[in-house]
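S.K.: First, the structure itself, so that you have it in front of you.
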Amino acid sequence: MHDKLNRMKEQYESTPIPDELSSLVNRTIAARRKKNKTLPWLASAAAACILLFAGVNTSPVLAQAMSDVPVLGNIIKVITIREYTEQDDQTNLHMETPGITNLGNAELEQTLNNKYLEENKKLYDNFKDEVAQLHKEGGAHLGLDSGYEVITDNEQLLILSRYVVETAGSSAESRQYDTIDKINQMVITLPSLFKDDRYIQTISDNIKEQMRQQMQDNPDIVYWVEQPGVEPEIPEDIFQSIAKDQNFYINQDGKLVISFNEYDVAPGYMGVVEFTIPTEAIAAELVSNEYIR
């Protein structure tokens, strides 16, 4: 299951938005416009905002046509542009696709929102393939839950987390983050925060220290980390280093948080695990204190 989730994560970036998905959004807009004639003004306005936003981010032509429409304000930053639920005796599926609006950069908005649509479309297709195989083999129950949450939203940063929980007997969770500088209208990557690649070793060493300390303080906590005098059961699972583009976010306190998906560095019962990196441990390697304090 862990390998399958990794494959999903790797594949979604190269998946184009299918024509039928764009057509579905446009048909939904047309149908809702007709229905909105009978709705109270407030409900109609809210529905129209959401559906128009979905159209703008799936149609460059519509985006251009909307370019002269006044911005609706900065109240809505993340909205659900598509939600889908499906359930029967053997399967359970729930998907929410986020959309970001009012960043002040139409190209960035469209790039991010197209990515989220592509991501969930790929997840859906993979899930349906699994369901088809399940029906052939008469296997166990399958479930897929994907959604999102805003981790940080302040004057400077908007950080969106998207999660996927797949259930097939046991469950596995994975997360992805986008860290967006709202002032400079750009996506921040982990390498962009540091002067050079030395941060990889520095952060990795700090995480190992935190793992060992947590295990010492609480016997119920287990990480796959090397410990002096202890022979690892599965040496290849021992955590060595973060990836150059490791999952991360910056929390409300301006601290760097490194995130690992379920089964990456610990047994499944530990779930998604995170480590807040002390700023003093990485201060010498930061490009600036613009984001991390």
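By order in the structure tokens, chains are A, B, ...; within a chain, residues start at 1; ligands start at 1, following the order shown.
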Among stretch 42-239 of chain A, which ones does DSSP place in strand (DSSP E or B), written as a PyMOL selection string?
M.R.: chain A and resi 78-87+91-100+142-153+157-168+170-181+186-188+194+227+230
S.K.: Produce a table with one row for each residue of stretch 212-274 of chain A that has an atom at most 8 Å from any atom of stretch 144-165 of chain A, each row naming the nearest atom pair and its distance in Å at one decimal; use only C-alpha atoms; arrange rows by chain and rising residue number; format as CSV.
M.R.:
```
residue,atom,partner,partner_atom,distance
A:Tyr249,CA,A:Ile159,CA,6.9
A:Ile250,CA,A:Thr152,CA,7.3
A:Asn251,CA,A:Thr152,CA,5.9
A:Gln252,CA,A:Thr152,CA,5.7
```
S.K.: Would you put the residues from that selection into a file with C-alpha atoms, as a short mmCIF file (atom, residue, chain, number, x, y, z; two decimals), in the first residue's frame?
M.R.:
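That gives us result.cif:
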```cif
data_model
loop_
_atom_site.label_atom_id
_atom_site.label_comp_id
_atom_site.auth_asym_id
_atom_site.auth_seq_id
_atom_site.Cartn_x
_atom_site.Cartn_y
_atom_site.Cartn_z
CA TYR A 249 5.45 23.58 5.96
CA ILE A 250 5.96 26.69 8.07
CA ASN A 251 3.64 26.87 11.06
CA GLN A 252 1.85 29.85 12.55
#
```
S.K.: Measuring between only C-alpha atoms, which one of A:Ser204, A:Gln90, A:Gln185, A:Gln213 shows the shortest distance to A:His135?
M.R.: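 Answer, going by the shortest atom-to-atom distance: A:Gln90.
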S.K.: Go ahead and compute the interatomic distance for atom CA of A:Asp178 and atom CA of A:Asp125, in Å to one decimal.
M.R.: 23.2 Å
S.K.: Which residue is closest to A:Glu83? Choose from A:Ile183, A:Ile292, A:Leu112, A:Met95 and count only C-alpha atoms.
M.R.: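 Ranking A:Ile183, A:Ile292, A:Leu112, A:Met95 by distance to A:Glu83, first place goes to A:Met95.
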S.K.: Would you please work out which residue, of A:Ala140, A:Leu123, A:Glu209, A:Lys182, is nearest to A:Thr101 when using only C-alpha atoms?
M.R.: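 The shortest atom-to-atom distance to A:Thr101 comes from A:Lys182.
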S.K.: I need the residue nearest A:Val257 from this list: A:Pro98, A:Gly104, A:Gly143, A:Pro278. Use only C-alpha atoms for the distance.
M.R.: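 With only C-alpha atoms as the atom set, the closest residue is A:Pro278.
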S.K.: Here is a test: counting only C-alpha atoms, which residue of A:Gly138, A:Gly268, A:Gly99, A:Pro191 is nearest to A:Ile221?
M.R.: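 Nearest candidate to A:Ile221 out of A:Gly138, A:Gly268, A:Gly99, A:Pro191: A:Gly268.
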S.K.: When you draw a straight line from atom CA of A:Thr167 to atom CA of A:His141, how long is it in Å?
M.R.: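 Calculated distance between atom CA of A:Thr167 and atom CA of A:His141 is 7.8 Å.
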S.K.: Please indicate the distance in Å from atom CA of A:Gln210 to atom CA of A:Phe275, rounded to one decimal place.
M.R.: 7.7 Å
S.K.: From stretch 79-114 of chain A, collect each residue whose DSSP state is alpha helix (DSSP H) and return the set as a short mmCIF file (atom, residue, chain, number, x, y, z; two decimals) with all heavy atoms, in the first residue's frame.
M.R.:
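And here's out08.cif as it stands now:
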```cif
data_model
loop_
_atom_site.label_atom_id
_atom_site.label_comp_id
_atom_site.auth_asym_id
_atom_site.auth_seq_id
_atom_site.Cartn_x
_atom_site.Cartn_y
_atom_site.Cartn_z
N ALA A 106 -3.03 35.35 -11.57
CA ALA A 106 -3.94 34.42 -12.23
C ALA A 106 -3.23 33.18 -12.72
O ALA A 106 -3.76 32.07 -12.66
CB ALA A 106 -4.65 35.12 -13.39
N GLU A 107 -2.00 33.34 -13.21
CA GLU A 107 -1.26 32.19 -13.73
C GLU A 107 -0.91 31.21 -12.62
O GLU A 107 -1.04 29.99 -12.78
CB GLU A 107 0.02 32.66 -14.43
CG GLU A 107 0.80 31.53 -15.07
CD GLU A 107 2.03 32.02 -15.82
OE1 GLU A 107 2.28 33.24 -15.81
OE2 GLU A 107 2.74 31.18 -16.41
N LEU A 108 -0.48 31.73 -11.48
CA LEU A 108 -0.16 30.86 -10.34
C LEU A 108 -1.41 30.15 -9.84
O LEU A 108 -1.39 28.95 -9.56
CB LEU A 108 0.47 31.68 -9.22
CG LEU A 108 0.80 30.91 -7.93
CD1 LEU A 108 1.77 29.77 -8.21
CD2 LEU A 108 1.36 31.86 -6.88
N GLU A 109 -2.51 30.88 -9.73
CA GLU A 109 -3.77 30.27 -9.31
C GLU A 109 -4.15 29.11 -10.22
O GLU A 109 -4.49 28.01 -9.77
CB GLU A 109 -4.89 31.30 -9.32
CG GLU A 109 -4.89 32.26 -8.16
CD GLU A 109 -6.06 33.22 -8.22
OE1 GLU A 109 -7.02 32.94 -8.99
OE2 GLU A 109 -6.04 34.24 -7.52
N GLN A 110 -4.10 29.36 -11.53
CA GLN A 110 -4.52 28.35 -12.47
C GLN A 110 -3.60 27.14 -12.43
O GLN A 110 -4.06 25.99 -12.50
CB GLN A 110 -4.57 28.92 -13.90
CG GLN A 110 -5.15 27.94 -14.91
CD GLN A 110 -5.53 28.63 -16.20
OE1 GLN A 110 -5.76 29.83 -16.23
NE2 GLN A 110 -5.63 27.86 -17.26
N THR A 111 -2.30 27.37 -12.30
CA THR A 111 -1.35 26.27 -12.22
C THR A 111 -1.63 25.38 -11.00
O THR A 111 -1.66 24.15 -11.10
CB THR A 111 0.10 26.80 -12.14
OG1 THR A 111 0.39 27.53 -13.33
CG2 THR A 111 1.10 25.67 -11.99
N LEU A 112 -1.83 26.01 -9.85
CA LEU A 112 -2.09 25.25 -8.63
C LEU A 112 -3.43 24.53 -8.70
O LEU A 112 -3.53 23.34 -8.39
CB LEU A 112 -2.07 26.18 -7.42
CG LEU A 112 -0.70 26.73 -7.02
CD1 LEU A 112 -0.86 27.85 -5.99
CD2 LEU A 112 0.20 25.64 -6.49
N ASN A 113 -4.45 25.22 -9.14
CA ASN A 113 -5.78 24.61 -9.15
C ASN A 113 -5.90 23.50 -10.19
O ASN A 113 -6.58 22.50 -9.96
CB ASN A 113 -6.84 25.68 -9.36
CG ASN A 113 -6.90 26.64 -8.19
OD1 ASN A 113 -6.70 26.25 -7.05
ND2 ASN A 113 -7.13 27.92 -8.46
N ASN A 114 -5.23 23.68 -11.32
CA ASN A 114 -5.19 22.59 -12.29
C ASN A 114 -4.48 21.37 -11.70
O ASN A 114 -4.89 20.23 -11.92
CB ASN A 114 -4.47 23.03 -13.56
CG ASN A 114 -5.33 23.93 -14.44
OD1 ASN A 114 -6.51 24.10 -14.20
ND2 ASN A 114 -4.72 24.51 -15.46
#
```
